[in-house]
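Source file: work-v2.cif (mmCIF, C-alpha atoms)
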data_input
loop_
_atom_site.label_atom_id
_atom_site.label_comp_id
_atom_site.auth_asym_id
_atom_site.auth_seq_id
_atom_site.Cartn_x
_atom_site.Cartn_y
_atom_site.Cartn_z
CA MET A 149 0.00 0.00 0.00
CA SER A 150 1.25 3.49 -0.83
CA GLU A 151 1.82 6.19 1.80
CA SER A 152 -1.04 8.24 0.35
CA ASP A 153 -3.37 5.29 0.84
CA ALA A 154 -2.31 5.04 4.46
CA ARG A 155 -2.92 8.78 4.99
CA ASP A 156 -6.37 8.42 3.45
CA GLY A 157 -7.31 5.80 5.98
CA GLY A 158 -6.44 2.77 3.83
CA GLY A 159 -4.08 1.41 6.45
CA GLU A 160 -6.75 1.58 9.13
CA ALA A 161 -9.21 -0.22 6.84
CA VAL A 162 -6.76 -3.02 6.22
CA THR A 163 -5.98 -3.34 9.91
CA THR A 164 -9.69 -3.53 10.72
CA GLU A 165 -10.26 -6.14 8.03
CA LYS A 166 -7.44 -8.29 9.32
CA ARG A 167 -8.78 -8.01 12.84
CA SER A 168 -12.44 -8.66 12.05
CA GLY A 169 -11.96 -11.00 9.08
CA PRO A 170 -13.60 -10.82 5.66
CA VAL A 171 -17.19 -9.73 5.21
CA PRO A 172 -19.54 -12.76 5.38
CA LEU A 173 -20.89 -13.84 2.01
CA ARG A 174 -24.42 -12.93 3.03
CA ARG A 175 -23.27 -9.29 3.46
CA ASN A 176 -20.92 -9.25 0.47
CA ARG A 177 -22.83 -6.98 -1.91
CA GLY A 178 -20.84 -7.93 -5.00
CA PHE A 179 -21.24 -11.64 -4.41
CA GLN A 180 -24.96 -11.37 -3.63
CA LEU A 181 -25.61 -9.35 -6.80
CA LEU A 182 -23.61 -11.77 -8.92
CA TRP A 183 -25.25 -14.83 -7.34
CA THR A 184 -28.77 -13.41 -7.63
CA GLY A 185 -28.31 -12.45 -11.26
CA SER A 186 -26.79 -15.84 -12.01
CA ALA A 187 -29.66 -17.62 -10.28
CA PHE A 188 -32.27 -15.81 -12.38
CA SER A 189 -30.28 -16.29 -15.58
CA THR A 190 -29.71 -20.00 -14.97
CA LEU A 191 -33.36 -20.57 -14.12
CA GLY A 192 -34.33 -18.80 -17.34
CA LEU A 193 -31.93 -20.94 -19.36
CA GLU A 194 -33.24 -24.16 -17.85
CA THR A 195 -36.82 -23.04 -18.52
CA ALA A 196 -36.02 -22.16 -22.14
CA ASP A 197 -34.05 -25.39 -22.68
CA MET A 198 -37.19 -27.37 -21.86
CA ALA A 199 -39.57 -25.17 -23.86
CA PHE A 200 -37.37 -24.67 -26.94
CA PRO A 201 -37.62 -28.20 -28.43
CA LEU A 202 -41.34 -28.18 -27.66
CA LEU A 203 -41.68 -24.95 -29.63
CA VAL A 204 -39.65 -26.30 -32.56
CA LEU A 205 -41.88 -29.39 -32.64
CA ALA A 206 -45.01 -27.22 -32.50
CA VAL A 207 -43.80 -25.00 -35.35
CA THR A 208 -42.32 -27.66 -37.64
CA ARG A 209 -43.92 -30.94 -36.46
CA SER A 210 -40.51 -32.47 -37.13
CA PRO A 211 -38.42 -34.26 -34.45
CA ALA A 212 -35.46 -33.95 -36.82
CA ALA A 213 -35.76 -30.15 -36.73
CA ALA A 214 -35.74 -30.22 -32.93
CA GLY A 215 -32.61 -32.38 -33.04
CA ILE A 216 -30.92 -30.00 -35.47
CA ALA A 217 -31.70 -27.02 -33.24
CA GLY A 218 -30.19 -28.80 -30.24
CA ALA A 219 -27.12 -29.80 -32.24
CA VAL A 220 -26.61 -26.21 -33.44
CA GLN A 221 -26.62 -24.93 -29.88
CA MET A 222 -24.28 -27.61 -28.51
CA THR A 223 -21.85 -27.43 -31.43
CA THR A 224 -21.63 -23.63 -31.28
CA ALA A 225 -20.91 -23.76 -27.55
CA LEU A 226 -18.08 -26.25 -28.09
CA VAL A 227 -16.54 -24.41 -31.04
CA LEU A 228 -16.51 -21.08 -29.22
CA GLY A 229 -15.27 -22.47 -25.92
CA LEU A 230 -11.61 -21.52 -26.37
CA PRO A 231 -12.32 -18.09 -27.95
CA ALA A 232 -14.51 -17.35 -24.93
CA GLY A 233 -11.50 -17.72 -22.67
CA GLU A 234 -9.47 -15.37 -24.87
CA LEU A 235 -12.21 -12.73 -24.66
CA ALA A 236 -12.57 -13.11 -20.88
CA ASP A 237 -8.83 -12.51 -20.42
CA ARG A 238 -8.63 -9.53 -22.77
CA PHE A 239 -11.75 -7.53 -21.91
CA ASP A 240 -13.60 -6.29 -18.86
CA ARG A 241 -15.44 -9.36 -17.58
CA ARG A 242 -18.32 -7.38 -16.11
CA ALA A 243 -18.89 -5.57 -19.42
CA LEU A 244 -18.60 -8.88 -21.27
CA LEU A 245 -21.27 -10.45 -19.07
CA LEU A 246 -23.56 -7.47 -19.65
CA VAL A 247 -23.18 -7.93 -23.43
CA VAL A 248 -23.86 -11.67 -23.13
CA GLU A 249 -27.03 -11.25 -21.08
CA SER A 250 -28.25 -8.47 -23.36
CA LEU A 251 -27.81 -10.62 -26.47
CA ARG A 252 -29.62 -13.47 -24.74
CA ALA A 253 -32.51 -11.19 -23.83
CA VAL A 254 -32.75 -9.93 -27.43
CA ALA A 255 -32.57 -13.45 -28.90
CA ILE A 256 -35.23 -14.96 -26.63
CA GLY A 257 -37.33 -11.79 -26.78
CA SER A 258 -37.35 -12.05 -30.58
CA ILE A 259 -39.15 -15.40 -30.23
CA VAL A 260 -41.85 -13.68 -28.19
CA LEU A 261 -42.23 -10.95 -30.81
CA ALA A 262 -42.25 -13.39 -33.76
CA GLN A 263 -44.77 -15.67 -32.07
CA VAL A 264 -47.10 -12.79 -31.23
CA THR A 265 -46.94 -11.48 -34.81
CA HIS A 266 -47.27 -14.99 -36.30
CA HIS A 267 -43.93 -14.82 -38.13
CA LEU A 268 -42.05 -17.55 -36.29
CA VAL A 269 -40.19 -19.91 -38.64
CA LEU A 270 -37.51 -22.59 -38.30
CA VAL A 271 -34.69 -20.37 -39.64
CA HIS A 272 -35.43 -17.86 -36.89
CA LEU A 273 -35.34 -20.58 -34.24
CA LEU A 274 -32.03 -21.92 -35.56
CA ALA A 275 -30.56 -18.41 -35.41
CA VAL A 276 -31.67 -18.13 -31.78
CA ALA A 277 -30.11 -21.53 -31.05
CA LEU A 278 -26.87 -20.27 -32.59
CA VAL A 279 -26.82 -17.15 -30.41
CA MET A 280 -27.70 -19.05 -27.24
CA GLY A 281 -25.01 -21.64 -27.90
CA ALA A 282 -22.41 -18.93 -28.51
CA MET A 283 -23.28 -17.16 -25.27
CA ARG A 284 -22.96 -20.22 -23.01
CA PRO A 285 -19.15 -20.43 -22.78
CA LEU A 286 -18.82 -16.66 -22.61
CA SER A 287 -21.28 -16.44 -19.73
CA ALA A 288 -19.83 -19.38 -17.80
CA THR A 289 -16.25 -18.11 -18.06
CA ALA A 290 -17.05 -14.47 -17.24
CA ARG A 291 -19.20 -15.39 -14.24
CA MET A 292 -16.58 -17.72 -12.82
CA LEU A 293 -13.86 -15.10 -13.05
CA LEU A 294 -16.10 -12.36 -11.66
CA LEU A 295 -16.81 -14.60 -8.68
CA ARG A 296 -13.11 -14.70 -7.87
CA SER A 297 -12.93 -10.91 -8.03
CA VAL A 298 -15.62 -10.36 -5.37
CA VAL A 299 -14.77 -13.20 -2.96
CA PRO A 300 -11.57 -13.41 -0.84
CA PRO A 301 -9.49 -16.59 -1.10
CA GLU A 302 -10.55 -17.96 2.29
CA GLN A 303 -14.23 -17.86 1.26
CA LEU A 304 -13.74 -19.38 -2.19
CA THR A 305 -14.93 -22.89 -1.29
CA ALA A 306 -18.07 -21.53 0.38
CA ALA A 307 -18.83 -19.30 -2.61
CA LEU A 308 -18.30 -22.11 -5.11
CA THR A 309 -20.55 -24.35 -3.01
CA ARG A 310 -23.33 -21.76 -3.26
CA GLU A 311 -22.77 -21.74 -7.00
CA GLU A 312 -23.44 -25.50 -6.99
CA VAL A 313 -26.68 -24.86 -5.08
CA ARG A 314 -27.68 -22.33 -7.73
CA ILE A 315 -26.99 -24.74 -10.59
CA SER A 316 -28.73 -27.70 -8.96
CA GLY A 317 -31.71 -25.61 -7.88
CA ALA A 318 -32.22 -24.25 -11.39
CA SER A 319 -31.82 -27.75 -12.85
CA LEU A 320 -34.57 -28.97 -10.52
CA ALA A 321 -37.02 -26.08 -10.97
CA GLY A 322 -36.38 -25.04 -14.59
CA PRO A 323 -37.58 -28.06 -16.64
CA PRO A 324 -40.96 -28.49 -14.90
CA LEU A 325 -41.45 -24.72 -14.95
CA GLY A 326 -40.71 -24.66 -18.69
CA GLY A 327 -43.21 -27.43 -19.37
CA MET A 328 -45.89 -25.85 -17.21
CA LEU A 329 -45.47 -22.41 -18.78
CA PHE A 330 -45.52 -23.85 -22.29
CA ALA A 331 -48.84 -25.49 -21.48
CA LEU A 332 -50.20 -22.01 -20.68
CA GLY A 333 -49.06 -20.68 -24.06
CA ARG A 334 -46.18 -21.04 -26.49
CA VAL A 335 -44.92 -17.56 -25.78
CA VAL A 336 -45.10 -17.68 -21.97
CA PRO A 337 -41.84 -19.52 -21.08
CA PHE A 338 -39.83 -17.30 -23.42
CA LEU A 339 -41.38 -14.15 -21.98
CA VAL A 340 -40.45 -15.32 -18.48
CA THR A 341 -36.92 -16.22 -19.64
CA THR A 342 -36.48 -12.76 -21.17
CA LEU A 343 -37.46 -11.22 -17.84
CA THR A 344 -34.92 -13.36 -15.98
CA PHE A 345 -32.17 -12.09 -18.27
CA LEU A 346 -33.27 -8.52 -17.61
CA VAL A 347 -33.00 -9.17 -13.86
CA SER A 348 -29.50 -10.56 -14.41
CA ILE A 349 -28.52 -7.47 -16.41
CA SER A 350 -29.75 -5.24 -13.58
CA CYS A 351 -27.77 -7.17 -10.97
CA VAL A 352 -24.53 -7.11 -12.97
CA SER A 353 -25.01 -3.39 -13.70
CA LEU A 354 -25.17 -2.67 -9.96
CA MET A 355 -21.88 -4.45 -9.27
CA ARG A 356 -19.01 -2.07 -8.52
CA PRO A 357 -15.60 -2.68 -10.12
CA GLN A 358 -13.00 -3.93 -7.66
CA ALA A 359 -9.84 -1.96 -7.05
CA GLY A 360 -7.15 -3.13 -9.43
CA ALA A 361 -9.56 -5.27 -11.39
CA ASP A 362 -8.47 -3.69 -14.66
CA LYS A 363 -4.76 -4.53 -14.29
CA THR A 364 -5.08 -7.54 -16.58
CA PHE A 365 -6.72 -5.44 -19.27
CA LYS A 366 -4.13 -2.67 -18.97
CA ALA A 367 -1.36 -5.22 -19.26
CA ASP A 368 -3.07 -6.72 -22.26
CA LYS A 369 -3.34 -3.34 -23.94
CA ALA A 370 0.35 -2.81 -23.40
CA ASP A 371 1.03 -6.23 -24.85
CA LYS A 372 -1.08 -5.42 -27.91
CA ALA A 373 0.72 -2.11 -28.34
CA GLY A 374 3.96 -4.03 -28.72
CA GLN A 375 2.52 -6.25 -31.44
CA MET A 376 2.58 -4.07 -34.52
CA HIS A 377 1.52 -6.86 -36.83
CA PRO A 378 -0.72 -9.33 -35.02
CA ASP A 379 -1.68 -12.34 -37.13
CA ALA A 380 -4.10 -15.23 -36.98
CA SER A 381 -1.46 -17.64 -35.74
CA SER A 382 -0.77 -15.51 -32.65
CA ALA A 383 -4.49 -15.36 -31.89
CA VAL A 384 -4.71 -19.14 -32.16
CA ARG A 385 -1.69 -19.53 -29.88
CA ARG A 386 -3.31 -17.30 -27.28
CA MET A 387 -6.54 -19.30 -27.40
CA LEU A 388 -4.63 -22.56 -27.06
CA SER A 389 -2.43 -21.23 -24.28
CA GLY A 390 -5.06 -22.20 -21.69
CA THR A 391 -4.79 -25.81 -22.81
CA VAL A 392 -1.00 -25.60 -22.60
CA VAL A 393 -1.12 -24.13 -19.07
CA MET A 394 -3.59 -26.80 -18.00
CA TRP A 395 -1.44 -29.60 -19.41
CA ARG A 396 1.83 -28.35 -17.89
CA ASN A 397 0.37 -28.13 -14.38
CA PRO A 398 0.39 -31.72 -13.00
CA LEU A 399 -2.38 -31.20 -10.45
CA LEU A 400 -4.63 -29.33 -12.86
CA ARG A 401 -3.95 -31.82 -15.65
CA ARG A 402 -4.82 -34.84 -13.51
CA THR A 403 -7.97 -33.33 -12.02
CA THR A 404 -9.18 -32.07 -15.38
CA LEU A 405 -8.61 -35.34 -17.23
CA PHE A 406 -10.14 -37.35 -14.40
CA THR A 407 -13.27 -35.18 -14.24
CA ALA A 408 -13.54 -35.17 -18.04
CA VAL A 409 -13.63 -38.98 -17.99
CA MET A 410 -16.23 -38.90 -15.23
CA ASN A 411 -18.26 -36.39 -17.26
CA ALA A 412 -18.12 -38.59 -20.36
CA ALA A 413 -19.27 -41.57 -18.28
CA SER A 414 -22.14 -39.77 -16.56
CA ALA A 415 -23.44 -37.60 -19.42
CA PRO A 416 -25.37 -40.40 -21.20
CA VAL A 417 -26.94 -41.74 -18.00
CA VAL A 418 -30.19 -39.79 -18.41
CA LEU A 419 -30.63 -41.04 -22.00
CA ILE A 420 -29.94 -44.61 -20.90
CA VAL A 421 -32.39 -44.35 -18.00
CA VAL A 422 -35.11 -42.88 -20.22
CA VAL A 423 -34.77 -45.74 -22.70
CA GLN A 424 -34.65 -48.29 -19.88
CA LEU A 425 -37.81 -46.96 -18.25
CA GLN A 426 -39.60 -46.76 -21.59
CA HIS A 427 -38.83 -50.46 -22.09
CA GLN A 428 -40.54 -51.04 -18.74
CA GLY A 429 -43.65 -49.18 -19.91
CA ILE A 430 -43.21 -46.28 -17.47
CA SER A 431 -45.15 -43.10 -18.25
CA SER A 432 -43.33 -39.94 -19.32
CA GLY A 433 -44.46 -38.19 -16.15
CA LEU A 434 -42.81 -40.78 -13.91
CA ILE A 435 -39.72 -40.76 -16.11
CA GLY A 436 -39.46 -37.02 -15.42
CA VAL A 437 -39.77 -37.70 -11.70
CA ALA A 438 -37.00 -40.29 -11.91
CA THR A 439 -34.58 -37.98 -13.71
CA ALA A 440 -35.29 -35.25 -11.15
CA GLY A 441 -33.26 -37.41 -8.77
CA LEU A 442 -30.14 -35.94 -10.40
CA ALA A 443 -31.03 -32.38 -9.46
CA LEU A 444 -32.04 -33.39 -5.93
CA GLY A 445 -28.75 -35.23 -5.55
CA GLY A 446 -26.87 -32.15 -6.73
CA LEU A 447 -28.61 -30.00 -4.11
CA ALA A 448 -27.84 -32.49 -1.36
CA GLY A 449 -24.28 -32.88 -2.63
CA ALA A 450 -23.67 -29.14 -2.37
CA ALA A 451 -24.18 -29.44 1.39
CA LEU A 452 -21.48 -32.12 1.50
CA VAL A 453 -18.74 -30.15 -0.30
CA THR A 454 -17.00 -28.90 2.86
CA ARG A 455 -17.02 -32.35 4.45
CA LEU A 456 -15.80 -34.12 1.32
CA HIS A 457 -13.02 -31.57 0.86
CA ARG A 458 -11.50 -32.74 4.13
CA LEU A 459 -10.33 -35.71 2.08
CA SER A 460 -7.29 -35.46 -0.17
CA PRO A 461 -8.00 -34.75 -3.87
CA ALA A 462 -6.94 -38.27 -4.83
CA THR A 463 -9.18 -39.89 -2.20
CA LEU A 464 -12.11 -37.74 -3.31
CA MET A 465 -11.67 -38.59 -7.00
CA LEU A 466 -11.01 -42.29 -6.50
CA GLY A 467 -13.97 -42.53 -4.15
CA GLN A 468 -16.19 -40.87 -6.73
CA ALA A 469 -15.04 -43.19 -9.53
CA GLY A 470 -15.49 -46.31 -7.44
CA SER A 471 -18.91 -45.36 -6.08
CA VAL A 472 -20.22 -44.31 -9.50
CA ALA A 473 -19.08 -47.62 -11.02
CA VAL A 474 -21.04 -49.55 -8.38
CA LEU A 475 -24.10 -47.31 -8.69
CA LEU A 476 -24.19 -47.66 -12.49
CA CYS A 477 -24.42 -51.44 -12.07
CA LEU A 478 -27.27 -50.97 -9.59
CA LEU A 479 -28.96 -48.55 -11.98
CA GLY A 480 -29.11 -51.35 -14.55
CA LEU A 481 -31.56 -53.28 -12.38
CA SER A 482 -35.06 -52.80 -13.82
CA LEU A 483 -36.83 -52.00 -10.57
CA GLY A 484 -38.96 -49.05 -11.68
CA PRO A 485 -38.79 -45.25 -11.63
CA TRP A 486 -38.39 -44.80 -7.88
CA TRP A 487 -35.38 -47.09 -7.84
CA ALA A 488 -33.89 -45.14 -10.75
CA ALA A 489 -34.56 -41.84 -8.94
CA ALA A 490 -32.84 -43.07 -5.78
CA VAL A 491 -29.75 -44.28 -7.65
CA LEU A 492 -29.52 -41.07 -9.69
CA PHE A 493 -29.75 -39.12 -6.43
CA LEU A 494 -26.78 -41.04 -5.04
CA LEU A 495 -24.85 -40.65 -8.29
CA MET A 496 -24.93 -36.85 -7.97
CA LEU A 497 -23.91 -36.56 -4.31
CA GLY A 498 -20.20 -36.31 -5.06
CA VAL A 499 -20.44 -34.25 -8.25
CA PRO A 500 -20.55 -30.76 -6.63
CA ALA A 501 -17.43 -31.56 -4.59
CA MET A 502 -15.65 -32.71 -7.76
CA ARG A 503 -16.56 -29.53 -9.66
CA VAL A 504 -15.51 -27.29 -6.78
CA LEU A 505 -12.24 -29.24 -6.59
CA VAL A 506 -11.37 -28.34 -10.17
CA ASP A 507 -12.47 -24.73 -9.66
CA ILE A 508 -10.21 -24.35 -6.62
CA VAL A 509 -7.26 -25.87 -8.44
CA MET A 510 -7.74 -23.45 -11.34
CA PHE A 511 -8.09 -20.40 -9.09
CA ARG A 512 -5.10 -21.29 -6.92
CA GLN A 513 -2.74 -22.62 -9.59
CA VAL A 514 -3.38 -20.25 -12.51
CA PRO A 515 -2.49 -16.51 -12.59
CA ASP A 516 -5.43 -14.17 -13.12
CA GLU A 517 -4.31 -13.06 -16.57
CA GLN A 518 -4.54 -16.68 -17.81
CA ARG A 519 -7.59 -17.91 -15.92
CA GLY A 520 -10.12 -17.16 -18.66
CA ARG A 521 -8.25 -19.26 -21.20
CA VAL A 522 -7.73 -22.11 -18.73
CA VAL A 523 -11.37 -22.09 -17.58
CA ALA A 524 -12.47 -22.20 -21.22
CA ALA A 525 -10.05 -25.05 -21.98
CA VAL A 526 -11.35 -27.11 -19.06
CA MET A 527 -15.01 -26.45 -19.92
CA THR A 528 -14.38 -27.32 -23.57
CA LEU A 529 -12.76 -30.60 -22.58
CA TRP A 530 -15.72 -31.39 -20.33
CA GLY A 531 -18.13 -30.55 -23.14
CA LEU A 532 -16.28 -32.77 -25.60
CA GLY A 533 -16.35 -35.63 -23.12
CA ALA A 534 -20.08 -35.22 -22.51
CA ALA A 535 -20.84 -35.02 -26.23
CA ALA A 536 -18.69 -38.07 -27.03
CA GLY A 537 -20.19 -40.10 -24.20
CA THR A 538 -23.76 -39.24 -25.18
CA LEU A 539 -23.15 -39.92 -28.88
CA LEU A 540 -21.50 -43.30 -28.20
CA ALA A 541 -24.26 -44.37 -25.81
CA GLY A 542 -26.94 -43.32 -28.29
CA VAL A 543 -25.37 -45.43 -31.03
CA LEU A 544 -24.88 -48.43 -28.74
CA LEU A 545 -28.51 -48.31 -27.57
CA ASP A 546 -29.49 -49.50 -31.06
CA PHE A 547 -27.49 -52.69 -30.55
CA MET A 548 -27.17 -53.27 -26.79
CA SER A 549 -29.46 -53.26 -23.79
CA PRO A 550 -29.29 -50.38 -21.26
CA LEU A 551 -27.97 -52.84 -18.67
CA ALA A 552 -25.09 -53.92 -20.90
CA ILE A 553 -24.10 -50.31 -21.62
CA LEU A 554 -24.20 -49.35 -17.94
CA ILE A 555 -22.00 -52.32 -17.04
CA ALA A 556 -19.57 -51.36 -19.83
CA ILE A 557 -19.33 -47.79 -18.48
CA ALA A 558 -18.85 -49.12 -14.95
CA ALA A 559 -16.04 -51.38 -16.19
CA ALA A 560 -14.32 -48.41 -17.87
CA LEU A 561 -14.52 -46.45 -14.61
CA GLY A 562 -13.12 -49.47 -12.80
CA ILE A 563 -10.08 -49.33 -15.06
CA VAL A 564 -9.67 -45.60 -14.36
CA PHE A 565 -9.95 -46.31 -10.64
CA CYS A 566 -7.23 -48.96 -10.78
CA LEU A 567 -4.91 -46.73 -12.83
CA GLY A 568 -5.30 -43.87 -10.35
CA LEU A 569 -4.79 -46.17 -7.38
CA ALA A 570 -1.64 -47.62 -8.93
CA SER A 571 -0.12 -44.18 -9.63
CA ARG A 572 2.04 -42.88 -6.78
CA ALA A 573 1.93 -39.35 -8.22
CA PHE A 574 -1.86 -39.46 -8.36
CA ARG A 575 -2.17 -40.69 -4.80
CA ALA A 576 0.22 -37.99 -3.57
CA MET A 577 -1.87 -35.07 -4.88
CA ALA A 578 -2.54 -32.41 -2.22
CA TRP A 579 -4.75 -29.36 -2.05
CA PRO A 580 -3.00 -26.35 -3.65
CA THR A 581 -2.18 -23.15 -1.80
CA GLU A 582 -3.25 -19.68 -2.83
CA ALA A 583 0.33 -18.49 -3.31
CA ALA A 584 0.72 -20.19 -6.70
CA ALA A 585 -1.78 -17.84 -8.30
CA SER A 586 -1.31 -14.70 -6.27
CA ASP A 587 -1.79 -11.46 -8.14
CA HIS A 588 1.23 -9.27 -8.66
#

Represent the supplied structure as structure tokens.
Amino acid sequence: MSESDARDGGGEAVTTEKRSGPVPLRRNRGFQLLWTGSAFSTLGLETADMAFPLLVLAVTRSPAAAGIAGAVQMTTALVLGLPAGELADRFDRRALLLVVESLRAVAIGSIVLAQVTHHLVLVHLLAVALVMGAMRPLSATARMLLLRSVVPPEQLTAALTREEVRISGASLAGPPLGGMLFALGRVVPFLVTTLTFLVSISCVSLMRPQAGADKTFKADKADKAGQMHPDASSAVRRMLSGTVVMWRNPLLRRTTLFTAVMNAASAPVVLIVVVQLQHQGISSGLIGVATAGLALGGLAGAALVTRLHRLSPATLMLGQAGSVAVLLCLLGLSLGPWWAAAVLFLLMLGVPAMRVLVDIVMFRQVPDEQRGRVVAAVMTLWGLGAAAGTLLAGVLLDFMSPLAILIAIAAALGIVFCLGLASRAFRAMAWPTEAAASDH
């Protein structure tokens, strides 16, 4: 701190903060605004994700068109994952999030306007899917980095746990809300989603920039000033630098690869369960109840994050792999929707702790000026794993029973478990300290 800061009372403020500790999250205005806006935005997204394919089917009467719209959104999100990290590291993250939420509001609001004026067509819906897919990685990366700017290091785990509550809560409430609102009228869920984005915009607008938060952007401007002839290859290298940083950090590499494998194994579970329950003649309503076990498990798992993080990273990850392998075998038993709901609930209990583990490793091992690229690299890898797992399971369901596929996935996780257990370096992993990523 400079002498002028001390004369202005800065030294007294720091002394008081050290004596009294950081402001509790419930009284942290920046965190509460960010969390509230994120909660509304995520709920709106989950609501729209349920209503969007229903709207495409209503407009086109073509399941293929609904599939194309979903593929457009997923593919766009994957393709723009790495560029999202580049943008988050080069521009003001708060301003970037405001742009993202504004574009989302315009895109979803255009559906409302087109439906009301009877001009809604498939091309319009595909364009909206393209915009929504492009905004997903930008929003996720910017929000994650903004969280770190409003929460002190010692409260990071608690803040990330509340983020897991937000995600699980929206996953539980959004789909049934989307279906219910669509039953009231085609335009209703999209009107509600537009309003949730407007609430998010208001919350982000009220956030105050943190002192020194623009140092990364100033440094980046200076870096750009020294590059008189930037080319495409340098832009590609910057986008890929997050992957390089992730790979060169042993702890981050192991946790990312392990969670990517877990994501690939768990992503197709809902599809497999739906097919399995349909073979048992279960109604669509009860199938929805069964799959809600995932969201309930995520909510319950968020309460276990602190307890599970008392374990070492290796113990946590190996325990998750082993328990999921056993639960997948149990899920293959055709014992009805309530059995499936219970097993899915148990499957999700460890997932929030795993996600927070990776978040903490990224925040504590990666310097701020590189975090956006690394976050984007990790999320892209997770997305590729989920897409590959779902695609492979979908193909195999045409030739194999759900039970056989679940046992095959469990066997693959068993191999991963044994490899991790046999690796001395993997077993020796410890929780990282904050010093590795301290800001300078």

*Using all atoms listed in the file, pick whichever of A:Gln513, A:Gln518, A:Ser189, A:Ser549 has the shortest atom-to-atom distance to Thr344 (chain A).*
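Checking each candidate against Thr344 (chain A), we get A:Ser189 as the closest.
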
*Step by step, work through what the PyMOL selection byres ((chain A and resi 260) around 9) selects in the shown file, and finish by giving those residues as a PyMOL selection string.*
chain A and resi 256-259+261-265+268+334-336+338-339+342

_On this structure, the PyMOL selection byres ((chain A and resi 322) around 10) would catch which residues? List them as number ranges by chain, sorted by chain and number._
A: 190-199, 316-321, 323-328

*Within 10 Å of region 469-471 of chain A, counting only C-alpha atoms, which residues qualify if same-chain residues fewer than 6 places away don't, as a PyMOL selection string?*
chain A and resi 406-407+409-410+413+463+494-495+498+558+560-566+568

*In terms of the shortest atom-to-atom distance over all atoms listed in the file, which of A:Leu245, A:Leu270, A:Leu329, A:Leu419 is closest to Ile216 (chain A)?*
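The closest residue to Ile216 (chain A) is A:Leu270.
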
_List the spatial neighbours of region 277-283 of chain A as an MDAnalysis selection string - criterion: any atom at most 9 Å away, all atoms listed in the file, same-chain residues fewer than 5 positions off excluded._
chainID A and resid 200 217:229 232 248:249 251:252 255:256 272 288

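When only C-alpha atoms are used to measure the gap to Leu442 (chain A), the shortest distance among A:Gly467, A:Pro500, A:Gly185, A:Gly429 belongs to A:Pro500.
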
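The interatomic distance for the pair CA of Gly441 (chain A) and CA of Ala490 (chain A) works out to 6.4 Å.
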
*For each of A:Ala556, A:Ile315, A:Leu246, A:Ala236, take the minimum atom-to-atom distance to Val474 (chain A), counting only C-alpha atoms, then give the residue where this is smallest.*
A:Ala556

If we count all atoms listed in the file and set the cut-off at 10 Å, which residues sit around Leu173 (chain A), ignoring sequence neighbours fewer than 5 positions away in its own chain? Please answer as a PDB file with C-alpha atoms, keeping the file's coordinate frame.
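Output below, filename out_6.pdb:
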ATOM      1  CA  GLY A 178     -20.840  -7.930  -5.000  1.00  0.00           C
ATOM      2  CA  PHE A 179     -21.240 -11.640  -4.410  1.00  0.00           C
ATOM      3  CA  GLN A 180     -24.960 -11.370  -3.630  1.00  0.00           C
ATOM      4  CA  VAL A 298     -15.620 -10.360  -5.370  1.00  0.00           C
ATOM      5  CA  VAL A 299     -14.770 -13.200  -2.960  1.00  0.00           C
ATOM      6  CA  PRO A 300     -11.570 -13.410  -0.840  1.00  0.00           C
ATOM      7  CA  GLN A 303     -14.230 -17.860   1.260  1.00  0.00           C
ATOM      8  CA  LEU A 304     -13.740 -19.380  -2.190  1.00  0.00           C
ATOM      9  CA  ALA A 306     -18.070 -21.530   0.380  1.00  0.00           C
ATOM     10  CA  ALA A 307     -18.830 -19.300  -2.610  1.00  0.00           C
ATOM     11  CA  ARG A 310     -23.330 -21.760  -3.260  1.00  0.00           C
TER      12      ARG A 310
END

*Run the PyMOL selection byres ((chain A and resi 414) around 10) against the file shown and list the residues it catches, as a list of chain:residue names.*
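That expression, the PyMOL selection byres ((chain A and resi 414) around 10), corresponds here to A:Ala408, A:Val409, A:Met410, A:Asn411, A:Ala412, A:Ala413, A:Ala415, A:Pro416, A:Val417, A:Val418, A:Val472, A:Leu476, A:Leu495, A:Met496, A:Gly533, A:Ala534, A:Gly537, A:Thr538, A:Leu554, A:Ile557.
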
_Within 9 Å of Ile420 (chain A) using only C-alpha atoms, minus same-chain residues under 3 positions, as a PyMOL selection string_ = chain A and resi 416-417+423-425+541-542+545+550-551+553-554

Writing out the chosen residues with C-alpha atoms as a tab-separated table (two decimals), keeping the file's coordinate frame:
chain	number	residue	atom	x	y	z
A	416	PRO	CA	-25.37	-40.40	-21.20
A	417	VAL	CA	-26.94	-41.74	-18.00
A	423	VAL	CA	-34.77	-45.74	-22.70
A	424	GLN	CA	-34.65	-48.29	-19.88
A	425	LEU	CA	-37.81	-46.96	-18.25
A	541	ALA	CA	-24.26	-44.37	-25.81
A	542	GLY	CA	-26.94	-43.32	-28.29
A	545	LEU	CA	-28.51	-48.31	-27.57
A	550	PRO	CA	-29.29	-50.38	-21.26
A	551	LEU	CA	-27.97	-52.84	-18.67
A	553	ILE	CA	-24.10	-50.31	-21.62
A	554	LEU	CA	-24.20	-49.35	-17.94

_Point-to-point distance from CA of Arg572 (chain A) to CA of Thr403 (chain A), Å rounded to tenths_ =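 Those two atoms sit 14.8 Å apart.
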